[in-house]
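Text of the file my_file-v7.cif, holding mmCIF, C-alpha atoms:
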```cif
data_input
loop_
_atom_site.label_atom_id
_atom_site.label_comp_id
_atom_site.auth_asym_id
_atom_site.auth_seq_id
_atom_site.Cartn_x
_atom_site.Cartn_y
_atom_site.Cartn_z
CA MET W 102 101.92 110.37 139.94
CA LEU W 103 103.46 109.36 143.26
CA PRO W 104 106.23 106.75 143.37
CA LEU W 105 105.31 103.24 144.37
CA PRO W 106 105.43 102.34 148.08
CA LEU W 107 108.68 100.88 149.26
CA THR W 108 106.84 97.74 150.37
CA ALA W 109 105.47 96.97 146.89
CA VAL W 110 106.73 93.71 145.38
CA LEU W 111 107.87 94.29 141.81
CA ASP W 112 108.53 91.72 139.12
CA VAL W 113 111.59 92.96 137.22
CA LEU W 114 112.95 91.48 134.01
CA LEU W 115 116.71 92.02 133.58
CA ILE W 116 117.86 91.63 129.97
CA GLU W 117 121.65 91.46 130.08
CA ASP W 118 123.98 89.11 128.23
CA ASP W 119 127.08 89.93 130.31
CA ASP W 120 127.14 87.76 133.47
CA ASP W 121 129.33 90.20 135.42
CA ASP W 122 127.08 93.18 134.62
CA ALA W 123 124.01 91.10 135.45
CA LEU W 124 125.49 90.14 138.83
CA ILE W 125 126.21 93.80 139.62
CA VAL W 126 122.61 94.80 138.86
CA GLU W 127 121.24 91.92 140.91
CA ASP W 128 123.45 92.94 143.84
CA LEU W 129 122.24 96.55 143.55
CA LEU W 130 118.63 95.37 143.61
CA ALA W 131 119.36 93.23 146.66
CA GLU W 132 120.84 96.29 148.43
CA SER W 133 117.94 98.54 147.49
CA PRO W 134 114.90 99.20 149.66
CA LEU W 135 112.69 97.56 147.04
CA GLU W 136 111.29 94.05 147.34
CA VAL W 137 112.00 92.67 143.90
CA ALA W 138 111.45 89.36 142.12
CA THR W 139 114.04 89.34 139.35
CA THR W 140 113.95 87.30 136.15
CA ARG W 141 117.09 87.16 133.98
CA ALA W 142 117.20 86.91 130.19
CA ARG W 143 120.37 86.98 128.06
CA THR W 144 118.75 87.90 124.75
CA LEU W 145 115.71 89.81 123.61
CA THR W 146 114.27 86.65 122.11
CA GLU W 147 114.53 84.93 125.48
CA ALA W 148 113.05 87.97 127.22
CA LEU W 149 110.02 88.08 124.95
CA GLU W 150 109.08 84.59 126.14
CA HIS W 151 108.29 86.13 129.54
CA LEU W 152 106.05 88.84 128.06
CA PRO W 153 103.32 89.67 128.59
CA GLY W 154 103.14 88.39 132.11
CA LYS W 155 103.64 89.63 135.64
CA ILE W 156 106.62 91.77 134.68
CA THR W 157 106.25 95.38 135.87
CA CYS W 158 109.58 96.83 134.81
CA VAL W 159 112.33 95.85 132.36
CA LEU W 160 116.01 96.72 132.83
CA LEU W 161 117.39 96.58 129.31
CA ASP W 162 120.96 96.55 128.03
CA LEU W 163 121.10 98.27 124.65
CA ARG W 164 123.78 95.91 123.29
CA LEU W 165 122.40 92.38 123.08
CA PRO W 166 123.52 89.45 120.90
CA ASP W 167 120.30 89.38 118.86
CA VAL W 168 119.48 93.09 118.62
CA VAL W 169 121.45 96.32 118.69
CA GLY W 170 120.22 99.82 119.43
CA LEU W 171 116.76 101.14 120.17
CA GLU W 172 114.96 98.47 118.16
CA ALA W 173 114.86 96.47 121.40
CA VAL W 174 112.73 99.16 123.05
CA ALA W 175 110.22 99.16 120.22
CA ARG W 176 109.91 95.37 120.25
CA LEU W 177 109.47 95.29 124.02
CA ARG W 178 106.77 97.95 123.92
CA SER W 179 105.04 96.08 121.13
CA ALA W 180 105.04 92.83 123.11
CA ALA W 181 104.00 94.42 126.44
CA PRO W 182 102.97 98.07 126.04
CA GLU W 183 102.00 98.39 129.70
CA ILE W 184 105.47 97.75 131.17
CA ALA W 185 108.06 100.34 132.19
CA VAL W 186 111.46 100.19 130.46
CA ILE W 187 114.74 101.49 131.88
CA MET W 188 117.81 101.49 129.66
CA LEU W 189 121.13 100.27 131.10
CA THR W 190 124.18 101.13 129.05
CA GLY W 191 127.85 101.72 129.39
CA LEU W 192 127.66 104.73 127.12
CA ASP W 193 127.61 107.98 129.05
CA ASP W 194 125.84 109.63 126.16
CA GLU W 195 123.04 112.20 126.58
CA ALA W 196 121.99 111.73 122.96
CA ALA W 197 121.49 108.01 123.60
CA ALA W 198 119.38 108.85 126.65
CA GLU W 199 117.13 111.16 124.67
CA ALA W 200 116.78 108.62 121.87
CA ALA W 201 115.83 105.90 124.38
CA VAL W 202 113.09 108.04 125.88
CA GLU W 203 111.80 108.97 122.41
CA ALA W 204 111.69 105.27 121.59
CA GLY W 205 109.44 104.64 124.59
CA ALA W 206 111.73 104.09 127.59
CA GLN W 207 110.83 105.71 130.90
CA ASP W 208 114.41 106.29 132.06
CA PHE W 209 118.10 105.90 131.18
CA LEU W 210 120.85 104.83 133.58
CA VAL W 211 124.61 104.53 133.01
CA LYS W 212 126.33 101.42 134.31
CA GLY W 213 128.92 102.16 136.96
CA LYS W 214 127.17 105.37 138.01
CA VAL W 215 124.25 103.73 139.79
CA ASP W 216 123.88 102.59 143.39
CA GLY W 217 121.06 100.60 144.98
CA SER W 218 119.09 103.63 146.13
CA LEU W 219 119.29 105.36 142.75
CA LEU W 220 118.23 102.18 140.94
CA ALA W 221 115.31 101.67 143.31
CA ARG W 222 114.17 105.25 142.88
CA ALA W 223 114.48 104.97 139.09
CA ILE W 224 112.34 101.82 139.04
CA ARG W 225 109.63 103.30 141.28
CA TYR W 226 109.34 106.46 139.22
CA ALA W 227 109.57 104.65 135.87
CA VAL W 228 106.64 102.42 136.85
CA GLY W 229 104.76 105.46 138.12
CA ARG W 230 105.38 107.41 134.91
CA ARG W 231 104.32 104.43 132.81
CA HIS W 232 101.09 104.18 134.77
CA ALA W 233 100.53 107.92 134.34
CA GLU W 234 101.00 107.53 130.58
CA ASP W 235 98.34 104.80 130.53
CA VAL W 236 95.92 106.95 132.53
CA ASP W 237 96.55 109.91 130.23
CA ARG W 238 96.01 107.77 127.13
CA GLN W 239 92.78 106.33 128.53
CA LEU W 240 91.62 109.83 129.39
CA ARG W 241 92.30 111.04 125.85
CA VAL W 242 90.41 108.07 124.41
CA ALA W 243 87.49 108.71 126.78
CA GLU W 244 87.44 112.40 125.88
CA ALA W 245 87.51 111.61 122.17
CA LEU W 246 84.66 109.13 122.59
CA ALA W 247 82.66 111.59 124.67
CA ASP W 248 83.22 114.30 122.07
CA GLU W 249 82.12 111.95 119.29
CA ASN W 250 78.99 110.98 121.24
CA ALA W 251 78.24 114.63 121.96
CA ARG W 252 78.53 115.53 118.27
CA LEU W 253 76.27 112.61 117.37
CA GLN W 254 73.66 113.56 119.94
CA ARG W 255 73.77 117.24 118.99
CA GLY W 256 73.11 116.19 115.42
CA LEU W 257 69.99 114.30 116.52
CA VAL W 258 68.52 117.22 118.51
CA PRO W 259 66.25 119.33 116.28
CA HIS W 260 66.66 123.05 115.69
CA PRO W 261 63.23 124.12 114.44
CA VAL W 262 62.92 127.43 112.64
CA ILE W 263 59.65 129.22 111.81
CA THR W 264 59.67 131.52 108.81
CA ASN W 265 56.22 133.04 109.43
CA PRO W 266 57.02 136.45 110.97
CA ASP W 267 53.73 136.44 112.88
CA LEU W 268 54.71 133.35 114.88
CA PHE W 269 57.37 132.49 117.44
CA ILE W 270 58.85 129.25 118.73
CA ALA W 271 61.02 128.42 121.73
CA ALA W 272 62.17 125.01 122.91
CA THR W 273 64.18 123.56 125.75
CA TYR W 274 65.49 120.06 126.29
CA LEU W 275 67.24 118.47 129.26
CA PRO W 276 68.04 114.73 129.40
CA GLY W 277 67.70 113.04 132.78
CA ARG W 278 70.79 110.87 132.21
CA ARG W 279 73.96 112.43 133.60
CA ARG W 280 76.53 113.58 131.03
CA ALA W 281 74.04 112.91 128.21
CA LEU W 282 72.79 115.34 125.60
CA LEU W 283 69.93 113.17 124.41
CA GLY W 284 67.26 111.27 126.33
CA GLY W 285 64.07 109.39 125.51
CA ASP W 286 62.02 112.58 125.23
CA PHE W 287 61.83 114.17 121.79
CA TYR W 288 60.32 117.18 120.05
CA ASP W 289 60.22 118.82 116.65
CA ALA W 290 58.43 121.53 114.71
CA LEU W 291 58.15 122.44 111.06
CA GLU W 292 56.11 124.43 108.58
CA THR W 293 54.59 122.85 105.48
CA PRO W 294 54.16 124.64 102.14
CA ASP W 295 50.47 125.28 102.87
CA GLY W 296 51.49 127.54 105.78
CA ALA W 297 50.48 125.10 108.54
CA LEU W 298 52.63 124.76 111.64
CA HIS W 299 53.24 121.22 112.91
CA VAL W 300 54.65 120.46 116.36
CA ILE W 301 55.28 117.23 118.24
CA VAL W 302 56.49 116.34 121.74
CA GLY W 303 56.97 112.73 122.85
CA ASP W 304 58.35 110.55 125.61
CA VAL W 305 59.74 107.02 125.26
CA SER W 306 59.27 104.86 128.36
CA GLY W 307 62.44 104.01 130.25
CA ARG W 308 65.73 105.82 130.36
CA GLY W 309 68.98 105.02 128.61
CA PRO W 310 70.79 105.07 125.28
CA ASP W 311 68.34 102.63 123.65
CA GLU W 312 65.41 104.87 124.56
CA ALA W 313 67.30 107.95 123.36
CA ALA W 314 67.97 106.30 120.00
CA LEU W 315 64.33 105.25 119.69
CA GLY W 316 63.12 108.76 120.54
CA ALA W 317 65.37 110.23 117.86
CA SER W 318 64.09 107.68 115.34
CA LEU W 319 60.47 108.50 116.12
CA ARG W 320 61.11 112.22 115.74
CA ILE W 321 62.79 111.75 112.39
CA ALA W 322 59.99 109.46 111.23
CA TRP W 323 57.37 112.06 112.21
CA HIS W 324 59.33 114.79 110.45
CA ALA W 325 59.56 112.77 107.24
CA LEU W 326 55.90 111.71 107.30
CA THR W 327 54.75 115.27 107.88
CA LEU W 328 56.93 116.74 105.15
CA ALA W 329 55.69 114.03 102.77
CA GLY W 330 52.11 115.17 103.36
CA THR W 331 51.01 111.87 104.92
CA ASP W 332 47.38 111.95 105.99
CA GLY W 333 47.20 112.73 109.70
CA SER W 334 45.15 109.62 110.42
CA ARG W 335 48.07 107.46 109.20
CA VAL W 336 50.91 109.13 111.06
CA LEU W 337 50.41 107.59 114.51
CA PRO W 338 49.71 104.04 113.21
CA THR W 339 52.88 104.28 111.10
CA MET W 340 54.92 105.43 114.09
CA GLU W 341 53.44 102.63 116.19
CA GLY W 342 54.59 100.10 113.60
CA MET W 343 58.03 101.63 113.74
CA ILE W 344 58.33 101.45 117.54
CA GLU W 345 57.23 97.81 117.47
CA ARG W 346 60.04 97.00 115.03
CA GLU W 347 62.80 99.17 116.50
CA ARG W 348 62.38 98.83 120.28
CA GLN W 349 64.86 96.69 122.21
CA ALA W 350 62.34 95.61 124.88
CA ALA W 351 58.83 94.39 124.11
CA ALA W 352 57.33 96.54 126.89
CA THR W 353 58.71 99.81 125.51
CA PHE W 354 56.09 102.35 124.45
CA ALA W 355 55.93 106.07 123.77
CA THR W 356 53.48 108.83 124.56
CA LEU W 357 53.22 111.80 122.26
CA CYS W 358 51.21 114.89 121.49
CA SER W 359 51.19 116.49 118.05
CA LEU W 360 49.35 119.50 116.73
CA GLN W 361 48.69 121.23 113.47
CA VAL W 362 47.93 124.94 113.51
CA VAL W 363 46.64 126.92 110.55
CA PRO W 364 47.54 130.46 111.63
CA ALA W 365 45.38 132.24 109.06
CA GLU W 366 42.30 130.39 110.31
CA ARG W 367 43.34 130.26 113.98
CA SER W 368 42.47 126.55 113.95
CA LEU W 369 44.13 123.74 115.88
CA CYS W 370 44.05 119.99 115.16
CA LEU W 371 45.30 118.00 118.14
CA ARG W 372 46.41 114.37 118.23
CA ARG W 373 47.37 112.69 121.51
CA ALA W 374 48.68 109.24 122.37
CA GLY W 375 48.61 108.93 126.16
CA HIS W 376 50.39 112.27 126.56
CA PRO W 377 49.49 115.38 128.59
CA PRO W 378 47.53 117.87 126.45
CA PRO W 379 49.04 121.24 125.55
CA ILE W 380 48.53 124.31 127.68
CA LEU W 381 46.79 127.23 125.99
CA ILE W 382 48.00 130.66 127.13
CA ASP W 383 45.53 133.45 126.39
CA GLY W 384 46.41 136.86 127.77
CA ASP W 385 47.48 136.35 131.38
CA SER W 386 45.55 133.11 131.89
CA ALA W 387 46.53 129.51 131.14
CA ARG W 388 44.51 126.32 130.89
CA SER W 389 45.09 122.75 129.76
CA LEU W 390 43.19 121.63 126.68
CA PRO W 391 40.69 118.79 127.30
CA LEU W 392 41.93 115.23 127.72
CA ASP W 393 39.17 113.61 125.68
CA GLY W 394 39.63 112.57 122.09
CA GLY W 395 43.08 111.03 122.47
CA GLY W 396 44.23 107.44 122.46
CA PRO W 397 46.69 105.06 124.15
CA PRO W 398 50.48 105.37 123.95
CA ILE W 399 51.92 103.95 120.76
CA GLY W 400 53.35 100.48 121.21
CA MET W 401 51.32 99.73 124.36
CA PHE W 402 48.33 97.90 122.83
CA ASP W 403 47.60 96.19 119.54
CA GLY W 404 45.24 98.01 117.23
CA GLY W 405 45.23 101.34 119.05
CA GLU W 406 43.02 104.11 117.67
CA TRP W 407 43.59 107.85 117.86
CA HIS W 408 41.10 110.57 117.03
CA ASP W 409 41.72 114.19 116.09
CA ARG W 410 40.35 116.99 118.19
CA GLU W 411 39.65 120.39 116.62
CA PHE W 412 39.88 123.71 118.48
CA ALA W 413 39.41 127.36 117.60
CA LEU W 414 42.28 129.50 118.90
CA PRO W 415 41.98 132.99 120.41
CA GLU W 416 43.52 135.93 118.62
CA HIS W 417 46.74 136.05 120.67
CA TRP W 418 47.25 132.35 121.24
CA SER W 419 50.25 130.48 122.64
CA LEU W 420 50.60 126.76 123.18
CA LEU W 421 53.01 124.94 125.48
CA LEU W 422 53.73 121.27 124.77
CA TYR W 423 55.75 119.40 127.40
CA THR W 424 56.71 115.98 128.72
CA ASP W 425 55.77 114.61 132.11
CA GLY W 426 59.27 115.20 133.47
CA VAL W 427 58.01 118.71 134.21
CA ILE W 428 54.77 117.98 136.08
CA GLU W 429 55.87 114.80 137.89
CA ARG W 430 58.31 116.62 140.11
CA ARG W 431 57.70 116.61 143.86
CA ASP W 432 58.65 119.18 146.46
CA THR W 433 60.52 118.35 149.67
CA GLU W 434 57.22 117.37 151.32
CA GLY W 435 56.36 114.91 148.56
CA ASN W 436 53.70 117.06 146.91
CA LEU W 437 53.38 116.56 143.15
CA LEU W 438 53.66 119.68 140.98
CA GLY W 439 51.07 118.41 138.52
CA ASP W 440 49.14 120.33 135.89
CA ASP W 441 47.78 122.87 138.36
CA GLY W 442 51.24 123.69 139.68
CA LEU W 443 52.55 124.19 136.14
CA LEU W 444 49.61 126.41 135.25
CA GLY W 445 50.28 128.47 138.36
CA LEU W 446 53.93 128.98 137.40
CA ILE W 447 52.93 130.08 133.90
CA GLU W 448 50.27 132.55 135.03
CA GLU W 449 52.56 134.04 137.66
CA TYR W 450 55.23 134.70 135.03
CA VAL W 451 53.03 136.08 132.22
CA ARG W 452 51.32 138.46 134.65
CA ARG W 453 54.66 139.65 135.97
CA GLU W 454 56.16 139.96 132.46
CA PRO W 455 53.41 141.23 130.13
CA GLY W 456 55.90 141.54 127.26
CA TRP W 457 57.12 137.96 127.57
CA ARG W 458 56.25 137.12 123.94
CA ARG W 459 59.21 139.20 122.80
CA ASP W 460 61.47 136.65 124.55
CA PRO W 461 59.50 133.39 124.87
CA HIS W 462 62.63 131.52 126.00
CA GLY W 463 62.36 133.47 129.24
CA LEU W 464 59.13 131.66 130.13
CA LEU W 465 60.73 128.24 129.57
CA THR W 466 63.73 129.23 131.70
CA GLU W 467 61.37 130.41 134.43
CA LEU W 468 59.49 127.11 134.37
CA LEU W 469 62.68 125.05 134.61
CA ASN W 470 63.98 127.16 137.47
CA GLY W 471 60.64 126.93 139.26
CA VAL W 472 60.52 123.15 138.95
CA ARG W 473 64.08 122.85 140.27
CA GLU W 474 63.37 125.08 143.24
CA LEU W 475 60.33 123.04 144.23
CA ASN W 476 62.32 119.92 145.04
CA GLU W 477 65.75 121.49 145.57
CA ASP W 478 67.70 119.35 143.13
CA GLU W 479 68.46 118.90 139.47
CA LEU W 480 65.97 117.23 137.16
CA SER W 481 66.22 113.43 137.28
CA ASP W 482 63.85 112.75 134.38
CA ASP W 483 64.00 113.95 130.79
CA VAL W 484 62.32 117.28 130.11
CA ALA W 485 61.20 118.64 126.75
CA MET W 486 59.13 121.78 126.27
CA VAL W 487 58.09 123.55 123.09
CA LEU W 488 56.34 126.92 123.17
CA VAL W 489 54.71 128.27 120.00
CA GLY W 490 52.37 131.17 119.50
CA ARG W 491 51.38 134.34 117.75
CA ARG W 492 53.53 137.36 118.47
#
```
Show this structure as structure tokens.
Amino acid sequence: MLPLPLTAVLDVLLIEDDDDDALIVEDLLAESPLEVATTRARTLTEALEHLPGKITCVLLDLRLPDVVGLEAVARLRSAAPEIAVIMLTGLDDEAAAEAAVEAGAQDFLVKGKVDGSLLARAIRYAVGRRHAEDVDRQLRVAEALADENARLQRGLVPHPVITNPDLFIAATYLPGRRRALLGGDFYDALETPDGALHVIVGDVSGRGPDEAALGASLRIAWHALTLAGTDGSRVLPTMEGMIERERQAAATFATLCSLQVVPAERSLCLRRAGHPPPILIDGDSARSLPLDGGGPPIGMFDGGEWHDREFALPEHWSLLLYTDGVIERRDTEGNLLGDDGLLGLIEEYVRREPGWRRDPHGLLTELLNGVRELNEDELSDDVAMVLVGRR
């Protein structure tokens, strides 16, 4: 922290009961290069009447009529924690100096060994150090808050695990908000006791902490409903009721795509609410599943209806669920990536890496890198992708 400019006007409170000592200090301040507005108090009680206020620095005599010792420092800091305090004493005692600093003073000066220049320099640096302490404290508070938020958000991000050795899962998640770990997009996956695999990907409209909280609530609600064995036809209406109760803005809605796979039967039940359909990867080809059979986003219209769509899966199937933050990216010429662009990126990778199923995260990394390269910047919207399939 640099010292204050010589031209800065400082409001200084001098707490000194001895008139002769007070006059000496006032003369030193007048001789110094500082421009100072000085207020005089003879007791600590009188001084506290001026605090808090415009006072920037306090020059404090340790021996006052109404308080003795370092208690004065503690009471000053309690009344005005933002001010700088410099001790003035006739005791040439290093121990007293250390005790004063430990009590909260920024400096310690001995009467009779101070000239105007030294006093001015001590005031400038004491105020600077006090400001640096405030900045450091605020930084520590901000870091603690950021760490707490990060832990909270990490706790809300799912970590799906598949126990079926014939299946794999990979997921990636990037919030569009800077310095955030959680956005309005959400995903989850779980297995039920009957051996079925359930996966969901969703996207809450808007961007911000309210949307992130709503997305996390919807994911948890879906997880609980699925584990409870709720009939599939009731899941989306229940989640719609939840978003209508929990959203902060009446216009907030969410798109989502959920699927249920029975691996032993190679069957897929798909449910969509205004969301892009999954991409089916079969061998070295990729195609989007049909758009028909879905319904509107939840929370957008009253009385929405959603219909299941059944599919038979190929022997070596893989499914990619994603949010529109992936396909709505534009290159430097303004061209939208879209479904076709995403399909092209997938097919290029799986043909180049025929053993990609052994490390499915590699495909997701490739897709993220490809999307970034297309428009030469970081992602500005939330992105969630979940890749599941048979090994």
Expected answer as an MDAnalysis selection string: all residues with atoms within 10 Å of (45.6, 133.6, 121.4), only C-alpha atoms: chainID W and resid 367 381:384 413:420 490:492
Grab the CA of Ala148 in chain W to CA of Leu219 in chain W distance for me, in Å with one decimal place. 24.1 Å
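The two atoms in question, CA of Leu177 in chain W and CA of Val202 in chain W, are spaced 13.4 Å apart.
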Which residue of W:Arg320, W:Arg308, W:Arg373, W:Arg141 approaches Leu422 in chain W most closely, using only C-alpha atoms: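 Looking at the shortest contact to Leu422 in chain W, the residue is W:Arg373.
What the PyMOL selection byres ((chain W and resi 232) around 12) picks from this file is Met102, Leu103, Pro104, Leu105, Thr157, Cys158, Pro182, Glu183, Ile184, Ala185, Val186, Gln207, Arg225, Tyr226, Ala227, Val228, Gly229, Arg230, Arg231, Ala233, Glu234, Asp235, Val236, Asp237, Arg238 and Gln239 of chain W.
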